[in-house]
Amino acid sequence: LDDTRSVAGQLQMLNFSQQSPFETIHAYVHNSFAPLLRSFLTKEHGSKRLEGGLAVLDQKMTELEMSLYNCKQDVQIEGVELQIHPEVRAAAAACERKEVALTPAALGGLLEDTNFLNKLQAGVNGWIQAIQKITKHERLAAFPEQSTAAQEVKFWLELDRALQSVRDALASPEVQCTLNALKQAKRYFATIAFDSDSIGLQRATEECANVKSLMREFPIDAVATAKDLGALTAAVQGVFAHLMRSRNSNYPVERFLSLLGAVSRDVSSRLLHLLAGGERLMAMPFPEFAELWRQCSGLFRVWDRETEQFRSELRGMAKKR
């Protein structure tokens with residue numbers, strides 16, 4: 001500390017809650033840092049279009065705010081780690097040293113050990129429960145009422161990664177050896193879930209693959225980071241263009257309607273943010289107000305036109321299905 005200055009003038013204090021760090025950081029960025037930057041830019045440059053480094057800084061601040069918001073809103077899908085019995089791990093290590101394939105025979109006399117087989121079976125039952133937390137995730141059954149479009153997109157992309165991780169784990173030599181050892185011991189009750197897909201892995205994988213074309217590169221972030229009404233209108237057009245290109249995916253019609261509602265909420269939220277972030281409407285010179293009204297009207301016309309066209313497509317899809 002500088003003893004020539006007051007302590008209060010040198011200390012900066014931040015209060016951290018027990019919430020997720022994303023909650024805390026987003027709160028500071030959204031309520032303090034971003035408004036401070038925008039207030040400064042408005043004071044220095046007024047309504048002039050920002051250029052160069054300032055424009056990049058403003059855009060990056062918006063992107064940071066949006067990224068933090070998405071992180072705190074994300075639907076987290078826990079990864080699955082299939083616990084391998086220590087004896088199976090030891091057998092796998094021995095086979096690797098000998099450069100031979102791992103088979104149940106590598107377990108030797110343990111295949112006749114009832115206690116060992118019971119532990120293997122209990123471990124496999126644990127695998128089934130862990131995998132079903134992914135394959136039977138509650139969000140697969142229904143689109144949550146107040147979900148955002150970004151959350152829906154991220155859920156399917158996260159689900160795709162989680163399912164791939166499960167498939168990779170099941171294909172490992174240790175897991176295959178465990179399952180084959182139980183089959184050899186006629187413990188079919190533990191392994192039938194994998195053969196009949198009662199764990200739901202194949203069904204969830206197919207469902208995820210059917211909507212991948214829709215969720216991949218879904219341009220919802222353009223809505224959330226739009227800097228003005230023109231950019232927001234263009235973002236809306238981009239979203240509907242993507243929806244039209246992906247309309248032949250097997251995404252359920254009812255879920256399409258819920259997704260459309262989520263996009264509507266996102267557009268409304270961004271529009272209100274843009275209107276609240278500028279000059280007060282009632283204090284604005286009339287020519288500027290008229291221009292703002294013209295842009296808002298243009299946005300609403302685009303939304304109405306695109307929505308009606310897409311709903312017409314959905315009606316056709318519903319009849320075909």
# chains A, B, ... in the order shown; residues from 1 in each chain; ligands from 1

$ residues_around --residues "range 196-199 of chain A" --least-positions-apart "6" --cutoff "10 Å" --atoms "only C-alpha atoms" --output "number ranges by chain"
A: 127-136

$ residues_around --residues "range 226-241 of chain A" --least-positions-apart "3" --cutoff "7 Å" --atoms "only C-alpha atoms" --output "list of chain:residue names"
A:Pro219, A:Ile220, A:Ala222, A:Val223, A:Met244, A:Arg245, A:Leu274, A:Gln295, A:Cys296, A:Leu299, A:Glu306

$ closest_atom_pairs --of "range 152-237 of chain A" --to "range 114-125 of chain A" --cutoff "12 Å" --atoms "only C-alpha atoms" --output "Markdown table"
| residue | atom | partner | partner_atom | distance |
| --- | --- | --- | --- | --- |
| A:Leu170 | CA | A:Val124 | CA | 11.0 |
| A:Glu174 | CA | A:Leu120 | CA | 11.6 |
| A:Val175 | CA | A:Val124 | CA | 9.0 |
| A:Gln176 | CA | A:Val124 | CA | 11.1 |
| A:Cys177 | CA | A:Leu120 | CA | 10.6 |
| A:Thr178 | CA | A:Leu120 | CA | 7.0 |
| A:Leu179 | CA | A:Val124 | CA | 8.0 |
| A:Asn180 | CA | A:Leu120 | CA | 10.9 |
| A:Ala181 | CA | A:Leu117 | CA | 8.3 |
| A:Leu182 | CA | A:Leu117 | CA | 7.1 |
| A:Lys183 | CA | A:Gln121 | CA | 10.4 |
| A:Gln184 | CA | A:Leu117 | CA | 10.6 |
| A:Ala185 | CA | A:Leu117 | CA | 8.0 |
| A:Lys186 | CA | A:Leu117 | CA | 10.4 |
| A:Arg187 | CA | A:Gln121 | CA | 7.7 |
| A:Tyr188 | CA | A:Gln121 | CA | 9.7 |
| A:Phe189 | CA | A:Gln121 | CA | 8.9 |
| A:Ala190 | CA | A:Gln121 | CA | 6.0 |
| A:Thr191 | CA | A:Val124 | CA | 7.8 |
| A:Ile192 | CA | A:Val124 | CA | 10.9 |
| A:Ala193 | CA | A:Asn125 | CA | 9.5 |
| A:Phe194 | CA | A:Val124 | CA | 10.1 |
| A:Ile199 | CA | A:Asn125 | CA | 10.7 |

$ write_last_selection --atoms "N, CA, C and O atoms" --output "compact mmCIF listing (two decimals), in the first residue's frame"
# COMPACT_ATOMS: atom_id res chain seq x y z
N LEU A 170 -17.35 -48.91 -23.26
CA LEU A 170 -17.86 -50.28 -23.39
C LEU A 170 -17.01 -51.11 -24.34
O LEU A 170 -16.99 -52.35 -24.24
N GLU A 174 -10.97 -54.21 -21.02
CA GLU A 174 -11.32 -54.55 -19.64
C GLU A 174 -12.82 -54.76 -19.46
O GLU A 174 -13.25 -55.69 -18.77
N VAL A 175 -13.61 -53.87 -20.08
CA VAL A 175 -15.07 -54.00 -19.97
C VAL A 175 -15.54 -55.25 -20.70
O VAL A 175 -16.37 -56.02 -20.18
N GLN A 176 -15.02 -55.49 -21.89
CA GLN A 176 -15.41 -56.67 -22.66
C GLN A 176 -15.03 -57.96 -21.93
O GLN A 176 -15.78 -58.94 -21.93
N CYS A 177 -13.87 -57.94 -21.30
CA CYS A 177 -13.42 -59.11 -20.54
C CYS A 177 -14.36 -59.37 -19.37
O CYS A 177 -14.73 -60.53 -19.08
N THR A 178 -14.77 -58.30 -18.69
CA THR A 178 -15.68 -58.43 -17.56
C THR A 178 -17.01 -59.04 -17.99
O THR A 178 -17.53 -59.97 -17.37
N LEU A 179 -17.57 -58.51 -19.06
CA LEU A 179 -18.86 -59.01 -19.55
C LEU A 179 -18.75 -60.46 -20.03
O LEU A 179 -19.64 -61.28 -19.76
N ASN A 180 -17.67 -60.77 -20.72
CA ASN A 180 -17.50 -62.13 -21.23
C ASN A 180 -17.27 -63.12 -20.08
O ASN A 180 -17.69 -64.28 -20.15
N ALA A 181 -16.60 -62.66 -19.03
CA ALA A 181 -16.38 -63.53 -17.87
C ALA A 181 -17.71 -63.87 -17.21
O ALA A 181 -17.95 -65.02 -16.79
N LEU A 182 -18.59 -62.89 -17.10
CA LEU A 182 -19.90 -63.14 -16.50
C LEU A 182 -20.75 -64.05 -17.39
O LEU A 182 -21.50 -64.89 -16.90
N LYS A 183 -20.65 -63.86 -18.71
CA LYS A 183 -21.39 -64.75 -19.61
C LYS A 183 -20.87 -66.19 -19.50
O LYS A 183 -21.65 -67.15 -19.50
N GLN A 184 -19.55 -66.31 -19.41
CA GLN A 184 -18.95 -67.65 -19.29
C GLN A 184 -19.40 -68.33 -18.00
O GLN A 184 -19.56 -69.56 -17.96
N ALA A 185 -19.65 -67.51 -16.98
CA ALA A 185 -20.12 -68.04 -15.69
C ALA A 185 -21.64 -68.16 -15.65
O ALA A 185 -22.21 -68.42 -14.59
N LYS A 186 -22.27 -67.90 -16.80
CA LYS A 186 -23.74 -67.96 -16.93
C LYS A 186 -24.46 -66.93 -16.05
O LYS A 186 -25.56 -67.19 -15.57
N ARG A 187 -23.81 -65.79 -15.85
CA ARG A 187 -24.44 -64.68 -15.11
C ARG A 187 -25.13 -63.76 -16.13
O ARG A 187 -24.82 -62.58 -16.24
N TYR A 188 -26.07 -64.31 -16.88
CA TYR A 188 -26.68 -63.57 -17.98
C TYR A 188 -27.54 -62.40 -17.51
O TYR A 188 -27.75 -61.44 -18.24
N PHE A 189 -28.04 -62.51 -16.28
CA PHE A 189 -28.90 -61.45 -15.78
C PHE A 189 -28.16 -60.10 -15.76
O PHE A 189 -28.76 -59.05 -15.97
N ALA A 190 -26.85 -60.17 -15.55
CA ALA A 190 -26.05 -58.93 -15.48
C ALA A 190 -25.70 -58.40 -16.86
O ALA A 190 -25.52 -57.20 -17.04
N THR A 191 -25.60 -59.29 -17.85
CA THR A 191 -25.12 -58.87 -19.16
C THR A 191 -26.22 -58.67 -20.20
O THR A 191 -25.98 -58.07 -21.24
N ILE A 192 -27.44 -59.17 -19.91
CA ILE A 192 -28.49 -59.10 -20.91
C ILE A 192 -28.87 -57.66 -21.25
O ILE A 192 -29.31 -57.35 -22.36
N ALA A 193 -28.67 -56.74 -20.29
CA ALA A 193 -29.02 -55.34 -20.54
C ALA A 193 -28.20 -54.76 -21.69
O ALA A 193 -28.68 -53.89 -22.43
N PHE A 194 -26.97 -55.26 -21.87
CA PHE A 194 -26.12 -54.76 -22.94
C PHE A 194 -26.46 -55.43 -24.27
O PHE A 194 -26.35 -54.80 -25.32
N ILE A 199 -30.55 -50.86 -21.59
CA ILE A 199 -29.94 -49.65 -21.00
C ILE A 199 -30.26 -48.42 -21.85
O ILE A 199 -30.04 -47.29 -21.42

$ decode --residues "range 300-315 of chain A" --atoms "all heavy atoms" --output "PDB file, in the first residue's frame"
ATOM      1  N   PHE A 300     -40.224  -7.119 -36.380  1.00  0.00           N
ATOM      2  CA  PHE A 300     -41.480  -7.830 -36.128  1.00  0.00           C
ATOM      3  C   PHE A 300     -42.056  -8.423 -37.413  1.00  0.00           C
ATOM      4  O   PHE A 300     -42.600  -9.541 -37.404  1.00  0.00           O
ATOM      5  CB  PHE A 300     -42.505  -6.888 -35.489  1.00  0.00           C
ATOM      6  CG  PHE A 300     -42.073  -6.342 -34.151  1.00  0.00           C
ATOM      7  CD1 PHE A 300     -42.474  -5.084 -33.737  1.00  0.00           C
ATOM      8  CD2 PHE A 300     -41.252  -7.086 -33.317  1.00  0.00           C
ATOM      9  CE1 PHE A 300     -42.067  -4.587 -32.502  1.00  0.00           C
ATOM     10  CE2 PHE A 300     -40.839  -6.601 -32.086  1.00  0.00           C
ATOM     11  CZ  PHE A 300     -41.254  -5.339 -31.674  1.00  0.00           C
ATOM     12  N   ARG A 301     -41.931  -7.683 -38.514  1.00  0.00           N
ATOM     13  CA  ARG A 301     -42.448  -8.211 -39.796  1.00  0.00           C
ATOM     14  C   ARG A 301     -41.669  -9.455 -40.209  1.00  0.00           C
ATOM     15  O   ARG A 301     -42.248 -10.450 -40.679  1.00  0.00           O
ATOM     16  CB  ARG A 301     -42.359  -7.138 -40.882  1.00  0.00           C
ATOM     17  CG  ARG A 301     -43.440  -6.068 -40.794  1.00  0.00           C
ATOM     18  CD  ARG A 301     -43.500  -5.254 -42.083  1.00  0.00           C
ATOM     19  NE  ARG A 301     -42.249  -4.551 -42.354  1.00  0.00           N
ATOM     20  CZ  ARG A 301     -41.946  -3.345 -41.893  1.00  0.00           C
ATOM     21  NH1 ARG A 301     -42.829  -2.691 -41.128  1.00  0.00           N
ATOM     22  NH2 ARG A 301     -40.799  -2.775 -42.178  1.00  0.00           N
ATOM     23  N   VAL A 302     -40.342  -9.394 -40.046  1.00  0.00           N
ATOM     24  CA  VAL A 302     -39.514 -10.548 -40.390  1.00  0.00           C
ATOM     25  C   VAL A 302     -39.894 -11.744 -39.519  1.00  0.00           C
ATOM     26  O   VAL A 302     -40.051 -12.872 -40.015  1.00  0.00           O
ATOM     27  CB  VAL A 302     -38.015 -10.213 -40.217  1.00  0.00           C
ATOM     28  CG1 VAL A 302     -37.168 -11.492 -40.248  1.00  0.00           C
ATOM     29  CG2 VAL A 302     -37.548  -9.268 -41.320  1.00  0.00           C
ATOM     30  N   TRP A 303     -40.065 -11.506 -38.222  1.00  0.00           N
ATOM     31  CA  TRP A 303     -40.429 -12.598 -37.315  1.00  0.00           C
ATOM     32  C   TRP A 303     -41.774 -13.215 -37.705  1.00  0.00           C
ATOM     33  O   TRP A 303     -41.901 -14.434 -37.782  1.00  0.00           O
ATOM     34  CB  TRP A 303     -40.482 -12.099 -35.873  1.00  0.00           C
ATOM     35  CG  TRP A 303     -40.923 -13.178 -34.931  1.00  0.00           C
ATOM     36  CD1 TRP A 303     -42.197 -13.429 -34.487  1.00  0.00           C
ATOM     37  CD2 TRP A 303     -40.103 -14.193 -34.362  1.00  0.00           C
ATOM     38  NE1 TRP A 303     -42.211 -14.524 -33.676  1.00  0.00           N
ATOM     39  CE2 TRP A 303     -40.951 -15.024 -33.571  1.00  0.00           C
ATOM     40  CE3 TRP A 303     -38.734 -14.485 -34.433  1.00  0.00           C
ATOM     41  CZ2 TRP A 303     -40.456 -16.114 -32.859  1.00  0.00           C
ATOM     42  CZ3 TRP A 303     -38.254 -15.574 -33.722  1.00  0.00           C
ATOM     43  CH2 TRP A 303     -39.112 -16.378 -32.950  1.00  0.00           C
ATOM     44  N   ASP A 304     -42.769 -12.359 -37.947  1.00  0.00           N
ATOM     45  CA  ASP A 304     -44.101 -12.870 -38.304  1.00  0.00           C
ATOM     46  C   ASP A 304     -44.061 -13.673 -39.597  1.00  0.00           C
ATOM     47  O   ASP A 304     -44.663 -14.753 -39.700  1.00  0.00           O
ATOM     48  CB  ASP A 304     -45.094 -11.704 -38.444  1.00  0.00           C
ATOM     49  CG  ASP A 304     -45.449 -11.086 -37.100  1.00  0.00           C
ATOM     50  OD1 ASP A 304     -45.210 -11.734 -36.061  1.00  0.00           O
ATOM     51  OD2 ASP A 304     -45.954  -9.937 -37.087  1.00  0.00           O
ATOM     52  N   ARG A 305     -43.339 -13.150 -40.599  1.00  0.00           N
ATOM     53  CA  ARG A 305     -43.274 -13.833 -41.892  1.00  0.00           C
ATOM     54  C   ARG A 305     -42.569 -15.185 -41.759  1.00  0.00           C
ATOM     55  O   ARG A 305     -43.053 -16.208 -42.250  1.00  0.00           O
ATOM     56  CB  ARG A 305     -42.554 -12.954 -42.905  1.00  0.00           C
ATOM     57  CG  ARG A 305     -42.490 -13.578 -44.304  1.00  0.00           C
ATOM     58  CD  ARG A 305     -41.719 -12.719 -45.278  1.00  0.00           C
ATOM     59  NE  ARG A 305     -40.295 -12.672 -44.963  1.00  0.00           N
ATOM     60  CZ  ARG A 305     -39.644 -11.574 -44.574  1.00  0.00           C
ATOM     61  NH1 ARG A 305     -40.287 -10.431 -44.431  1.00  0.00           N
ATOM     62  NH2 ARG A 305     -38.356 -11.620 -44.308  1.00  0.00           N
ATOM     63  N   GLU A 306     -41.420 -15.183 -41.109  1.00  0.00           N
ATOM     64  CA  GLU A 306     -40.638 -16.411 -40.991  1.00  0.00           C
ATOM     65  C   GLU A 306     -41.356 -17.440 -40.117  1.00  0.00           C
ATOM     66  O   GLU A 306     -41.336 -18.644 -40.409  1.00  0.00           O
ATOM     67  CB  GLU A 306     -39.254 -16.091 -40.392  1.00  0.00           C
ATOM     68  CG  GLU A 306     -38.386 -15.179 -41.243  1.00  0.00           C
ATOM     69  CD  GLU A 306     -37.814 -15.888 -42.456  1.00  0.00           C
ATOM     70  OE1 GLU A 306     -38.074 -17.100 -42.629  1.00  0.00           O
ATOM     71  OE2 GLU A 306     -37.110 -15.240 -43.242  1.00  0.00           O
ATOM     72  N   THR A 307     -42.010 -16.970 -39.064  1.00  0.00           N
ATOM     73  CA  THR A 307     -42.726 -17.884 -38.175  1.00  0.00           C
ATOM     74  C   THR A 307     -43.877 -18.563 -38.900  1.00  0.00           C
ATOM     75  O   THR A 307     -44.075 -19.778 -38.784  1.00  0.00           O
ATOM     76  CB  THR A 307     -43.262 -17.132 -36.945  1.00  0.00           C
ATOM     77  OG1 THR A 307     -42.182 -16.546 -36.225  1.00  0.00           O
ATOM     78  CG2 THR A 307     -44.011 -18.077 -36.015  1.00  0.00           C
ATOM     79  N   GLU A 308     -44.635 -17.790 -39.646  1.00  0.00           N
ATOM     80  CA  GLU A 308     -45.773 -18.344 -40.376  1.00  0.00           C
ATOM     81  C   GLU A 308     -45.306 -19.361 -41.411  1.00  0.00           C
ATOM     82  O   GLU A 308     -45.901 -20.443 -41.567  1.00  0.00           O
ATOM     83  CB  GLU A 308     -46.552 -17.225 -41.060  1.00  0.00           C
ATOM     84  CG  GLU A 308     -47.770 -17.718 -41.844  1.00  0.00           C
ATOM     85  CD  GLU A 308     -48.726 -18.545 -40.997  1.00  0.00           C
ATOM     86  OE1 GLU A 308     -48.875 -18.232 -39.799  1.00  0.00           O
ATOM     87  OE2 GLU A 308     -49.312 -19.511 -41.528  1.00  0.00           O
ATOM     88  N   GLN A 309     -44.219 -19.041 -42.103  1.00  0.00           N
ATOM     89  CA  GLN A 309     -43.707 -19.960 -43.111  1.00  0.00           C
ATOM     90  C   GLN A 309     -43.219 -21.258 -42.469  1.00  0.00           C
ATOM     91  O   GLN A 309     -43.491 -22.356 -42.977  1.00  0.00           O
ATOM     92  CB  GLN A 309     -42.556 -19.300 -43.878  1.00  0.00           C
ATOM     93  CG  GLN A 309     -41.993 -20.164 -45.007  1.00  0.00           C
ATOM     94  CD  GLN A 309     -40.894 -19.454 -45.783  1.00  0.00           C
ATOM     95  OE1 GLN A 309     -40.625 -18.274 -45.559  1.00  0.00           O
ATOM     96  NE2 GLN A 309     -40.255 -20.169 -46.680  1.00  0.00           N
ATOM     97  N   PHE A 310     -42.531 -21.133 -41.324  1.00  0.00           N
ATOM     98  CA  PHE A 310     -42.006 -22.334 -40.681  1.00  0.00           C
ATOM     99  C   PHE A 310     -43.123 -23.168 -40.071  1.00  0.00           C
ATOM    100  O   PHE A 310     -43.096 -24.401 -40.122  1.00  0.00           O
ATOM    101  CB  PHE A 310     -40.979 -21.951 -39.610  1.00  0.00           C
ATOM    102  CG  PHE A 310     -40.266 -23.127 -39.019  1.00  0.00           C
ATOM    103  CD1 PHE A 310     -39.461 -23.938 -39.804  1.00  0.00           C
ATOM    104  CD2 PHE A 310     -40.417 -23.443 -37.679  1.00  0.00           C
ATOM    105  CE1 PHE A 310     -38.806 -25.041 -39.267  1.00  0.00           C
ATOM    106  CE2 PHE A 310     -39.766 -24.540 -37.131  1.00  0.00           C
ATOM    107  CZ  PHE A 310     -38.966 -25.335 -37.925  1.00  0.00           C
ATOM    108  N   ARG A 311     -44.124 -22.517 -39.503  1.00  0.00           N
ATOM    109  CA  ARG A 311     -45.261 -23.252 -38.958  1.00  0.00           C
ATOM    110  C   ARG A 311     -45.993 -24.023 -40.058  1.00  0.00           C
ATOM    111  O   ARG A 311     -46.484 -25.136 -39.846  1.00  0.00           O
ATOM    112  CB  ARG A 311     -46.228 -22.296 -38.252  1.00  0.00           C
ATOM    113  CG  ARG A 311     -45.752 -21.860 -36.873  1.00  0.00           C
ATOM    114  CD  ARG A 311     -46.759 -20.923 -36.223  1.00  0.00           C
ATOM    115  NE  ARG A 311     -46.352 -20.537 -34.894  1.00  0.00           N
ATOM    116  CZ  ARG A 311     -46.581 -21.238 -33.789  1.00  0.00           C
ATOM    117  NH1 ARG A 311     -47.240 -22.387 -33.875  1.00  0.00           N
ATOM    118  NH2 ARG A 311     -46.170 -20.813 -32.605  1.00  0.00           N
ATOM    119  N   SER A 312     -46.062 -23.431 -41.242  1.00  0.00           N
ATOM    120  CA  SER A 312     -46.677 -24.116 -42.379  1.00  0.00           C
ATOM    121  C   SER A 312     -45.886 -25.379 -42.723  1.00  0.00           C
ATOM    122  O   SER A 312     -46.463 -26.432 -43.014  1.00  0.00           O
ATOM    123  CB  SER A 312     -46.741 -23.176 -43.585  1.00  0.00           C
ATOM    124  OG  SER A 312     -47.257 -23.838 -44.718  1.00  0.00           O
ATOM    125  N   GLU A 313     -44.548 -25.266 -42.674  1.00  0.00           N
ATOM    126  CA  GLU A 313     -43.704 -26.439 -42.922  1.00  0.00           C
ATOM    127  C   GLU A 313     -43.938 -27.508 -41.869  1.00  0.00           C
ATOM    128  O   GLU A 313     -43.993 -28.700 -42.174  1.00  0.00           O
ATOM    129  CB  GLU A 313     -42.225 -26.021 -42.920  1.00  0.00           C
ATOM    130  CG  GLU A 313     -41.792 -25.227 -44.133  1.00  0.00           C
ATOM    131  CD  GLU A 313     -41.722 -26.087 -45.390  1.00  0.00           C
ATOM    132  OE1 GLU A 313     -41.576 -27.327 -45.254  1.00  0.00           O
ATOM    133  OE2 GLU A 313     -41.831 -25.537 -46.489  1.00  0.00           O
ATOM    134  N   LEU A 314     -44.090 -27.083 -40.605  1.00  0.00           N
ATOM    135  CA  LEU A 314     -44.317 -28.040 -39.524  1.00  0.00           C
ATOM    136  C   LEU A 314     -45.645 -28.774 -39.704  1.00  0.00           C
ATOM    137  O   LEU A 314     -45.744 -29.980 -39.417  1.00  0.00           O
ATOM    138  CB  LEU A 314     -44.286 -27.330 -38.166  1.00  0.00           C
ATOM    139  CG  LEU A 314     -42.931 -26.808 -37.688  1.00  0.00           C
ATOM    140  CD1 LEU A 314     -43.076 -26.147 -36.317  1.00  0.00           C
ATOM    141  CD2 LEU A 314     -41.903 -27.930 -37.618  1.00  0.00           C
ATOM    142  N   ARG A 315     -46.661 -28.049 -40.155  1.00  0.00           N
ATOM    143  CA  ARG A 315     -47.952 -28.708 -40.393  1.00  0.00           C
ATOM    144  C   ARG A 315     -47.804 -29.805 -41.464  1.00  0.00           C
ATOM    145  O   ARG A 315     -48.376 -30.882 -41.348  1.00  0.00           O
ATOM    146  CB  ARG A 315     -49.011 -27.672 -40.809  1.00  0.00           C
ATOM    147  CG  ARG A 315     -49.524 -26.831 -39.635  1.00  0.00           C
ATOM    148  CD  ARG A 315     -50.736 -26.037 -40.032  1.00  0.00           C
ATOM    149  NE  ARG A 315     -50.403 -24.953 -40.958  1.00  0.00           N
ATOM    150  CZ  ARG A 315     -50.068 -23.722 -40.575  1.00  0.00           C
ATOM    151  NH1 ARG A 315     -50.005 -23.423 -39.276  1.00  0.00           N
ATOM    152  NH2 ARG A 315     -49.795 -22.780 -41.484  1.00  0.00           N
TER     153      ARG A 315
END
